[in-house]
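Peer 1: Input entry_32.cif, format and content: mmCIF, C-alpha atoms.
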data_run
loop_
_atom_site.label_atom_id
_atom_site.label_comp_id
_atom_site.auth_asym_id
_atom_site.auth_seq_id
_atom_site.Cartn_x
_atom_site.Cartn_y
_atom_site.Cartn_z
CA MET A 16 -6.62 6.02 -38.59
CA SER A 17 -9.87 7.63 -37.81
CA LYS A 18 -8.60 10.73 -36.15
CA GLY A 19 -6.54 13.69 -37.25
CA GLU A 20 -3.09 13.88 -35.76
CA GLY A 21 -2.75 16.07 -32.68
CA GLN A 22 -6.38 17.04 -32.67
CA GLN A 23 -7.59 17.93 -29.19
CA GLU A 24 -10.73 16.40 -27.77
CA PRO A 25 -13.54 18.89 -27.08
CA GLU A 26 -14.38 19.97 -23.57
CA GLY A 27 -17.51 18.41 -22.10
CA THR A 28 -18.69 16.03 -19.45
CA VAL A 29 -16.50 13.13 -18.51
CA ARG A 30 -18.76 10.78 -20.40
CA ASP A 31 -18.74 12.87 -23.57
CA VAL A 32 -15.00 13.22 -23.56
CA LEU A 33 -14.36 9.56 -22.82
CA GLU A 34 -16.79 8.41 -25.45
CA GLN A 35 -15.25 10.67 -28.04
CA VAL A 36 -11.71 9.62 -27.23
CA TYR A 37 -12.77 5.99 -27.30
CA ARG A 38 -14.53 6.39 -30.64
CA ASN A 39 -11.58 8.21 -32.20
CA HIS A 40 -8.83 6.01 -30.79
CA ARG A 41 -10.54 2.67 -30.36
CA GLN A 42 -8.07 0.76 -32.51
CA GLY A 43 -5.05 2.65 -31.15
CA LEU A 44 -6.05 2.05 -27.55
CA PHE A 45 -6.64 -1.61 -28.22
CA THR A 46 -3.36 -2.02 -30.07
CA LEU A 47 -1.49 -0.30 -27.24
CA ALA A 48 -3.12 -2.55 -24.66
CA LEU A 49 -2.41 -5.59 -26.83
CA ALA A 50 1.21 -4.54 -27.29
CA ILE A 51 1.59 -4.58 -23.51
CA THR A 52 -0.58 -7.52 -22.46
CA ARG A 53 0.13 -9.68 -25.54
CA CYS A 54 -3.35 -11.11 -25.09
CA PRO A 55 -6.47 -9.77 -26.84
CA HIS A 56 -8.77 -10.67 -23.95
CA ARG A 57 -6.59 -8.94 -21.39
CA ALA A 58 -6.23 -5.97 -23.71
CA GLU A 59 -10.00 -5.57 -23.77
CA ASP A 60 -10.14 -6.06 -20.00
CA ALA A 61 -7.54 -3.32 -19.64
CA ILE A 62 -9.56 -0.89 -21.76
CA GLN A 63 -12.70 -1.58 -19.80
CA GLU A 64 -10.84 -1.21 -16.51
CA ALA A 65 -9.25 2.05 -17.64
CA MET A 66 -12.58 3.47 -18.73
CA ALA A 67 -14.12 2.54 -15.40
CA ARG A 68 -11.27 4.22 -13.55
CA LEU A 69 -11.48 7.33 -15.69
CA TRP A 70 -15.21 7.42 -15.24
CA GLN A 71 -14.71 7.55 -11.48
CA SER A 72 -12.25 10.43 -11.74
CA PRO A 73 -13.25 14.07 -11.96
CA ALA A 74 -13.26 15.88 -15.28
CA ARG A 75 -9.86 17.05 -16.34
CA PRO A 76 -9.21 20.14 -18.41
CA GLY A 77 -7.07 19.99 -21.50
CA ASP A 78 -6.33 17.28 -24.00
CA ALA A 79 -7.95 14.03 -22.90
CA ALA A 80 -6.33 11.66 -25.38
CA PRO A 81 -2.94 11.35 -23.61
CA TYR A 82 -4.76 10.88 -20.33
CA VAL A 83 -6.86 8.04 -21.72
CA PHE A 84 -3.86 6.40 -23.38
CA SER A 85 -1.98 6.69 -20.11
CA ALA A 86 -4.84 5.09 -18.18
CA VAL A 87 -5.14 2.24 -20.68
CA ARG A 88 -1.40 1.71 -20.58
CA ASN A 89 -1.43 1.51 -16.77
CA ALA A 90 -4.39 -0.84 -16.75
CA ALA A 91 -2.63 -3.04 -19.31
CA ILE A 92 0.52 -3.10 -17.19
CA ASP A 93 -1.60 -4.09 -14.18
CA GLN A 94 -3.19 -6.86 -16.24
CA THR A 95 0.23 -8.11 -17.26
CA ARG A 96 1.45 -8.13 -13.67
CA ARG A 97 -1.58 -10.08 -12.54
CA ALA A 98 -1.11 -12.52 -15.41
CA ALA A 99 2.57 -12.89 -14.55
CA ALA A 100 1.65 -13.64 -10.94
CA ARG A 101 -0.62 -16.40 -12.21
CA ARG A 102 2.02 -17.48 -14.74
CA ARG A 103 -0.38 -16.97 -17.62
CA LEU A 104 1.58 -14.71 -19.89
CA GLU A 105 0.92 -14.94 -23.61
CA SER A 106 2.74 -13.63 -26.63
CA ALA A 107 0.09 -12.58 -29.12
CA SER A 108 1.17 -10.14 -31.78
CA ILE A 109 -0.52 -6.84 -32.46
CA PHE A 110 -0.69 -7.83 -36.12
CA ASN A 111 -3.02 -10.27 -37.74
CA SER A 112 -1.48 -13.20 -39.47
CA LEU A 113 -3.75 -12.63 -42.45
CA ALA A 114 -0.92 -12.32 -44.90
CA PRO A 115 -1.38 -14.65 -47.84
CA SER A 116 0.24 -18.00 -47.36
CA PRO A 117 3.22 -18.95 -49.56
CA THR A 118 1.15 -21.65 -51.26
CA SER A 119 -1.64 -19.26 -52.20
CA LEU A 120 0.94 -16.77 -53.40
CA ALA A 121 2.62 -19.41 -55.51
CA ALA A 122 -0.75 -20.22 -57.02
CA GLY A 123 -1.27 -16.55 -57.74
CA GLU A 124 -4.50 -16.34 -55.77
CA GLY A 125 -5.95 -12.87 -55.42
CA THR A 126 -3.01 -10.98 -56.90
CA ALA A 127 -1.77 -10.09 -60.31
CA ASP A 128 1.88 -10.39 -59.37
CA PRO A 129 2.64 -13.38 -57.18
CA GLN A 130 6.29 -12.35 -56.79
CA ALA A 131 5.39 -8.89 -55.47
CA ALA A 132 2.83 -10.43 -53.17
CA ALA A 133 5.41 -12.85 -51.84
CA ILE A 134 7.82 -10.02 -51.16
CA THR A 135 5.10 -8.04 -49.40
CA ALA A 136 4.23 -11.06 -47.30
CA GLU A 137 7.88 -11.49 -46.45
CA GLN A 138 8.10 -7.81 -45.48
CA HIS A 139 5.04 -8.09 -43.29
CA GLU A 140 6.30 -11.20 -41.60
CA ARG A 141 9.70 -9.65 -40.93
CA LEU A 142 8.09 -6.48 -39.65
CA ARG A 143 5.72 -8.42 -37.44
CA ARG A 144 8.59 -10.32 -35.88
CA ALA A 145 10.66 -7.14 -35.56
CA VAL A 146 7.86 -5.24 -33.80
CA ASP A 147 7.19 -8.17 -31.49
CA ALA A 148 10.87 -8.32 -30.63
CA LEU A 149 11.13 -4.63 -29.75
CA PRO A 150 11.54 -3.72 -26.09
CA GLN A 151 8.17 -2.92 -24.59
CA ALA A 152 8.88 0.80 -24.19
CA ASP A 153 9.90 1.09 -27.84
CA ARG A 154 6.88 -0.91 -28.97
CA GLU A 155 4.57 1.32 -26.95
CA THR A 156 6.10 4.40 -28.56
CA VAL A 157 5.65 3.03 -32.06
CA VAL A 158 2.08 1.97 -31.36
CA MET A 159 1.12 5.33 -29.86
CA ARG A 160 2.61 7.21 -32.78
CA ILE A 161 1.56 5.01 -35.70
CA TYR A 162 -1.70 3.47 -34.54
CA GLY A 163 -2.76 5.96 -31.87
CA ASP A 164 -1.94 8.98 -34.06
CA LEU A 165 -0.59 10.83 -31.05
CA THR A 166 1.84 13.70 -31.42
CA PHE A 167 5.16 13.54 -29.62
CA GLU A 168 3.81 16.06 -27.10
CA GLN A 169 0.81 13.84 -26.40
CA MET A 170 3.03 10.77 -26.16
CA ALA A 171 5.33 12.52 -23.72
CA GLU A 172 2.33 13.44 -21.60
CA ALA A 173 0.87 9.95 -21.74
CA LEU A 174 4.16 8.31 -20.85
CA ASP A 175 5.08 11.02 -18.34
CA GLU A 176 8.50 11.39 -19.90
CA PRO A 177 10.38 14.27 -21.53
CA LEU A 178 9.56 14.89 -25.15
CA PRO A 179 13.15 14.44 -26.43
CA THR A 180 13.33 11.05 -24.70
CA VAL A 181 10.15 9.89 -26.37
CA ALA A 182 11.18 11.25 -29.77
CA SER A 183 14.61 9.64 -29.66
CA ARG A 184 13.12 6.35 -28.51
CA TYR A 185 10.72 6.42 -31.43
CA ARG A 186 13.53 7.20 -33.87
CA ARG A 187 15.64 4.41 -32.40
CA ALA A 188 12.74 1.96 -32.68
CA LEU A 189 12.23 2.87 -36.34
CA GLU A 190 15.92 2.37 -37.02
CA THR A 191 15.79 -1.04 -35.39
CA LEU A 192 12.77 -2.00 -37.45
CA SER A 193 14.41 -0.73 -40.64
CA ARG A 194 17.51 -2.77 -39.97
CA ARG A 195 15.51 -5.92 -39.44
CA VAL A 196 13.22 -5.46 -42.43
CA ARG A 197 15.87 -4.12 -44.81
CA PRO A 198 16.56 -7.31 -46.81
CA ALA A 199 12.92 -7.70 -47.77
CA MET A 200 12.60 -3.99 -48.54
CA GLU A 201 15.64 -4.03 -50.79
CA ALA A 202 14.30 -7.08 -52.60
CA SER A 203 11.04 -5.27 -53.25
CA HIS A 204 12.91 -2.29 -54.73
CA GLU A 205 14.90 -4.36 -57.17
CA MET B 17 15.93 1.94 -46.46
CA ASN B 18 17.17 4.89 -44.44
CA ASN B 19 14.01 6.88 -44.91
CA PRO B 20 11.94 6.63 -41.70
CA HIS B 21 8.77 7.43 -43.63
CA GLU B 22 9.15 4.21 -45.55
CA ILE B 23 9.03 2.04 -42.46
CA GLU B 24 6.23 4.18 -41.03
CA ASN B 25 4.21 3.62 -44.20
CA LEU B 26 4.90 -0.08 -44.04
CA LEU B 27 3.79 -0.17 -40.41
CA ARG B 28 0.55 1.58 -41.36
CA GLN B 29 -0.15 -1.07 -43.98
CA MET B 30 0.19 -3.89 -41.49
CA PRO B 31 -3.05 -5.75 -40.72
CA LEU B 32 -3.83 -5.07 -37.07
CA VAL B 33 -5.67 -7.35 -34.71
CA LYS B 34 -9.09 -5.77 -34.30
CA PRO B 35 -10.90 -5.47 -30.99
CA SER B 36 -14.00 -7.58 -30.71
CA ALA B 37 -17.45 -6.07 -31.00
CA ASP B 38 -17.92 -7.10 -27.41
CA LEU B 39 -15.48 -4.38 -26.34
CA ASP B 40 -17.84 -1.61 -27.44
CA ALA B 41 -20.63 -3.17 -25.41
CA ARG B 42 -18.39 -3.49 -22.38
CA VAL B 43 -17.29 0.13 -22.57
CA ALA B 44 -20.90 1.23 -23.10
CA ASP B 45 -21.80 -0.77 -19.98
CA VAL B 46 -19.16 1.10 -18.01
CA PHE B 47 -20.64 4.41 -19.04
CA ALA B 48 -24.20 3.28 -18.46
CA ALA B 49 -23.46 1.77 -15.06
CA GLY B 50 -21.72 4.88 -13.81
CA ALA B 51 -24.12 7.40 -15.30
CA ALA B 52 -26.83 7.22 -12.67
CA SER B 53 -24.71 7.10 -9.56
CA THR B 54 -21.89 9.35 -10.62
CA GLU B 55 -23.87 12.52 -11.14
CA THR B 56 -25.15 12.47 -7.57
CA ARG B 57 -21.79 11.41 -6.24
CA ARG B 58 -20.15 14.36 -7.89
CA ALA B 59 -22.07 16.87 -5.80
CA ASN B 60 -20.11 19.67 -4.23
CA THR B 61 -18.99 17.69 -1.20
CA PRO B 62 -15.73 18.27 0.69
CA GLU B 63 -14.45 15.00 -0.77
CA THR B 64 -15.16 16.21 -4.27
CA ARG B 65 -13.46 19.51 -3.62
CA ARG B 66 -10.47 17.65 -2.22
CA ALA B 67 -10.53 15.34 -5.22
CA ASN B 68 -10.08 18.30 -7.50
CA THR B 69 -6.52 18.85 -6.38
CA PRO B 70 -4.06 17.69 -9.04
CA GLU B 71 -2.39 15.10 -6.80
CA VAL B 72 -5.58 13.40 -5.74
CA ARG B 73 -6.91 13.52 -9.27
CA ARG B 74 -3.80 11.76 -10.50
CA ALA B 75 -4.04 9.29 -7.63
CA ASN B 76 -7.59 8.45 -8.64
CA ILE B 77 -6.41 7.61 -12.11
CA TRP B 78 -3.56 5.44 -10.98
CA GLY B 79 -5.55 3.83 -8.20
CA ARG B 80 -3.06 4.58 -5.47
CA PRO B 81 -2.70 7.31 -2.82
CA PRO B 82 -0.59 10.35 -3.68
CA THR B 83 2.99 9.57 -2.81
CA ARG B 84 3.79 12.94 -1.28
CA GLN B 85 0.79 12.75 1.01
CA ALA B 86 1.67 9.20 2.04
CA TRP B 87 5.20 10.28 2.90
CA LEU B 88 3.90 13.19 4.95
CA VAL B 89 1.54 10.96 6.91
CA GLY B 90 4.37 8.52 7.51
CA ALA B 91 6.74 11.23 8.68
CA VAL B 92 4.20 12.75 11.07
CA GLY B 93 3.27 9.32 12.40
CA GLY B 94 6.92 8.46 12.93
CA ALA B 95 7.54 11.72 14.76
CA LEU B 96 4.55 11.12 17.04
CA ALA B 97 5.68 7.57 17.76
CA ALA B 98 9.18 8.79 18.59
CA ALA B 99 7.80 11.49 20.89
CA ALA B 100 5.60 8.96 22.68
CA ALA B 101 8.57 6.62 23.09
CA VAL B 102 10.71 9.41 24.60
CA ILE B 103 7.95 10.41 27.01
CA LEU B 104 7.50 6.82 28.13
CA ALA B 105 11.26 6.34 28.53
CA ILE B 106 11.68 9.49 30.63
CA GLY B 107 8.52 8.98 32.61
CA LEU B 108 5.79 11.39 33.43
CA PRO B 109 6.80 15.00 34.07
CA GLN B 110 7.75 15.47 37.70
CA GLY B 111 5.60 17.64 40.00
CA THR B 112 2.54 17.90 37.85
CA PRO B 113 -0.36 19.13 39.94
CA THR B 114 -2.65 16.34 38.74
CA GLY B 115 -0.58 13.68 40.47
CA THR B 116 -0.11 15.41 43.83
CA PRO B 117 -2.68 14.97 46.53
CA GLY B 118 -3.91 18.07 48.27
CA PRO B 119 -6.94 20.16 48.93
CA GLN B 120 -9.21 20.04 45.95
CA PRO B 121 -11.09 23.14 44.90
CA ALA B 122 -14.77 23.01 45.52
CA SER B 123 -16.50 22.31 42.31
CA ALA B 124 -19.56 20.61 41.06
CA PRO B 125 -19.31 16.98 39.99
CA GLY B 126 -17.74 16.66 36.61
CA GLN B 127 -16.58 20.28 36.48
CA VAL B 128 -13.23 21.18 35.10
CA ALA B 129 -11.09 22.90 37.71
CA ASN B 130 -7.55 24.12 37.11
CA GLY B 131 -7.40 22.34 33.82
CA SER B 132 -8.02 18.87 35.25
CA LEU B 133 -11.25 16.97 35.54
CA THR B 134 -12.21 16.38 39.18
CA LEU B 135 -14.70 13.66 39.88
CA THR B 136 -16.15 14.93 43.13
CA GLY B 137 -18.94 12.93 44.60
CA ALA B 138 -17.33 9.72 43.50
CA ALA B 139 -15.39 7.39 45.80
CA PRO B 140 -12.16 8.87 47.24
CA PRO B 141 -9.06 7.92 45.31
CA LEU B 142 -7.39 4.76 46.50
CA PRO B 143 -4.14 5.24 48.41
CA VAL B 144 -1.26 4.65 46.05
CA GLU B 145 1.26 2.26 47.50
CA PRO B 146 4.97 2.67 46.80
CA VAL B 147 6.21 0.22 44.25
CA ARG B 148 9.37 -1.80 44.62
CA LEU B 149 10.60 -3.76 41.67
CA GLU B 150 13.58 -6.06 41.95
CA GLN B 151 15.27 -7.88 39.12
CA ASN B 152 18.27 -10.18 39.40
CA TRP B 153 20.43 -11.45 36.62
CA SER B 154 23.04 -14.13 37.14
CA GLU B 155 25.44 -16.05 34.98
CA LEU B 156 27.83 -18.85 35.90
CA SER B 157 30.65 -19.92 33.63
CA TYR B 158 33.29 -22.61 34.01
CA GLU B 159 36.80 -21.33 33.52
CA GLY B 160 38.87 -24.46 33.72
CA LEU B 161 41.14 -26.24 36.14
CA VAL B 162 43.87 -24.48 38.08
CA CYS B 163 46.54 -26.02 40.23
CA PRO B 164 47.83 -23.53 42.78
CA ASP B 165 49.09 -26.51 44.65
CA PRO B 166 50.01 -29.69 42.74
CA GLN B 167 48.26 -31.71 45.38
CA THR B 168 44.98 -29.78 45.25
CA PRO B 169 43.72 -28.98 41.77
CA MET B 170 40.79 -26.56 41.74
CA GLN B 171 37.94 -26.05 39.32
CA THR B 172 37.30 -22.38 38.62
CA PHE B 173 33.89 -20.85 38.11
CA ARG B 174 33.07 -17.21 37.45
CA ARG B 175 29.69 -15.92 38.55
CA ARG B 176 28.38 -12.56 37.44
CA THR B 177 25.24 -11.09 38.97
CA VAL B 178 23.39 -7.83 38.59
CA ASP B 179 20.81 -6.72 41.14
CA HIS B 180 18.50 -4.10 39.79
CA VAL B 181 16.11 -2.52 42.25
CA GLN B 182 13.61 0.21 41.42
CA PHE B 183 11.52 2.05 43.96
CA PHE B 184 8.77 4.50 43.16
CA ASP B 185 6.54 6.34 45.59
CA PRO B 186 3.95 8.28 43.61
CA GLN B 187 2.58 10.06 46.70
CA ARG B 188 5.89 11.58 47.64
CA ASN B 189 7.05 11.56 44.06
CA ILE B 190 10.22 9.66 44.85
CA ARG B 191 11.99 7.50 42.38
CA MET B 192 15.04 5.42 43.29
CA GLU B 193 16.98 2.95 41.28
CA THR B 194 20.03 0.90 42.19
CA ILE B 195 22.06 -1.30 39.95
CA VAL B 196 24.65 -3.47 41.68
CA PRO B 197 26.88 -5.58 39.48
CA ARG B 198 28.90 -8.28 41.14
CA GLU B 199 31.45 -10.73 39.95
CA GLU B 200 32.99 -13.53 41.96
CA ILE B 201 35.33 -16.37 41.25
CA ILE B 202 34.57 -19.64 42.92
CA PHE B 203 37.12 -22.35 43.41
CA VAL B 204 35.92 -25.86 43.94
CA LYS B 205 38.36 -28.51 44.95
CA ALA B 206 38.57 -31.11 42.27
CA SER B 207 38.12 -34.66 43.40
CA MET B 208 41.15 -36.85 42.83
CA GLN B 209 40.29 -40.33 41.70
#
Please express the file's structure as structure tokens.
Peer 2:
Amino acid sequence: MSKGEGQQEPEGTVRDVLEQVYRNHRQGLFTLALAITRCPHRAEDAIQEAMARLWQSPARPGDAAPYVFSAVRNAAIDQTRRAAARRRLESASIFNSLAPSPTSLAAGEGTADPQAAAITAEQHERLRRAVDALPQADRETVVMRIYGDLTFEQMAEALDEPLPTVASRYRRALETLSRRVRPAMEASHE
Amino acid sequence: MNNPHEIENLLRQMPLVKPSADLDARVADVFAAGAASTETRRANTPETRRANTPEVRRANIWGRPPTRQAWLVGAVGGALAAAAAVILAIGLPQGTPTGTPGPQPASAPGQVANGSLTLTGAAPPLPVEPVRLEQNWSELSYEGLVCPDPQTPMQTFRRRTVDHVQFFDPQRNIRMETIVPREEIIFVKASMQ
């Protein structure tokens, strides 16, 4: 992550603030949009649309990051609705499938311990499937926290929900992920 | 695997799909395109001042009008529509000076006298004829065969009519309305074949 957790964006013109938030949270914003749209192209469209909307709006005092995340989230939801109306929904993951293939692992390519690499690949695959299978609200919470580096306060503001709700949803999502990934994790500990 | 930090760490190690380099250019385009026009648009106009209220600011972000304002406009519009409907149903207020003929105060053409605009110098107002409106509604239904006398069976019909007459004389400000419902039973001798 390129930005310190909970750090507030500096005051300035709309352009300065937006540019700074975009620079600091580029990956987090994109991952959030991708988690909602499930399509990289629509995720980028959503970010562009959100930035255009924010650019049109007057400057807003206070922390800009939750505001930008909220705008990107709304634009992504709009994109998804439009795609659903055109029956063009996709199901791309937020994770790359760059994990080493079982054959390369078996051949010991690029790693000293093929068994450990296989377990890691198995963990990643399980986690990828588990995150993709999360309800959208839970997935958004995880993405905002882990990849957007937002605090719970910022997440609550971005989602326009009470802080305890957001925190408990995040905890529940982590528990779900832990349950689904547990076998691979336990194998790696043995 | 009950430690939440463990799964958080694992999530952080996951390889994420990266945005394309094109995204940066697109966002830069957004900023560049808006830079020239926005600064002049953000002058201290009434719209800008209005746009600084929290509700409108939020509405701008979400791209929809503020809900509370929309409800208020709807409520006021509904109230006005209801008031207009009641006024139309009751009719114009009786005895208003604007509708009664009489000596007009001397005034220049187009002057406002006694709160109403008098068009002196123009053609005299046309005489308003009394209006009579008559509506009739009728329904005939067959009610079967009756035999008061075994030799003369009768077919029975029931006819319902309503005569609705309205009379309005704007000059004398008279309004009359009569509603006369009628119902009659008609017997028609059935033919014996």
Peer 1: Decode the PyMOL selection byres ((chain B and resi 195) around 7) for the given file into explicit residues and return them as a list in words.
Peer 2: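 Here the PyMOL selection byres ((chain B and resi 195) around 7) matches Val178, Asp179, His180, Val181, Glu193, Thr194, Val196 and Pro197 of chain B.
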Peer 1: Evaluated on this file, the PyMOL selection byres ((chain B and resi 204) around 12) picks out some residues - which ones are they, written as a PyMOL selection string?
Peer 2: chain B and resi 158-163+168-174+201-203+205-207
Peer 1: For chain B, work out the contacting residues on chain A at 6 Å, counting only C-alpha atoms, and write them as a count of residues only.
Peer 2: 6
Peer 1: Given the PyMOL selection byres ((chain A and resi 86) around 9) and the file above, list the residues it selects as a VMD selection string.
Peer 2: (chain A and resid 61 to 62 64 to 66 68 to 69 81 to 85 87 to 91 173) or (chain B and resid 77 to 78)
Peer 1: Distance CA of Ser106 in chain A-CA of Arg53 in chain A, one decimal place?
Peer 2: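 Atom-to-atom, CA of Ser106 in chain A and CA of Arg53 in chain A are spaced 4.9 Å apart.
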Peer 1: Which one is closest to Val144 in chain B: B:Pro164, B:Gln182, B:Leu156, B:Asn189? Count only C-alpha atoms.
Peer 2: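 Of B:Pro164, B:Gln182, B:Leu156, B:Asn189, the one nearest Val144 in chain B is B:Asn189, counting only C-alpha atoms.
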Peer 1: Which distance in Å separates CA of Leu33 in chain A and CA of Ala50 in chain A, to one decimal?
Peer 2: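 Computed distance, CA of Leu33 in chain A to CA of Ala50 in chain A, equals 21.5 Å.
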Peer 1: For CA of Arg96 in chain A and CA of Leu49 in chain A, quote the distance in Å rounded to one decimal.
Peer 2: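 We find that CA of Arg96 in chain A and CA of Leu49 in chain A lie 13.9 Å from each other.
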Peer 1: Between A:Pro129, A:Tyr185, A:Val196, A:Gln42, which residue has the minimum interatomic distance to Phe167 in chain A, considering all atoms listed in the file?
Peer 2: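 Nearest candidate to Phe167 in chain A out of A:Pro129, A:Tyr185, A:Val196, A:Gln42: A:Tyr185.
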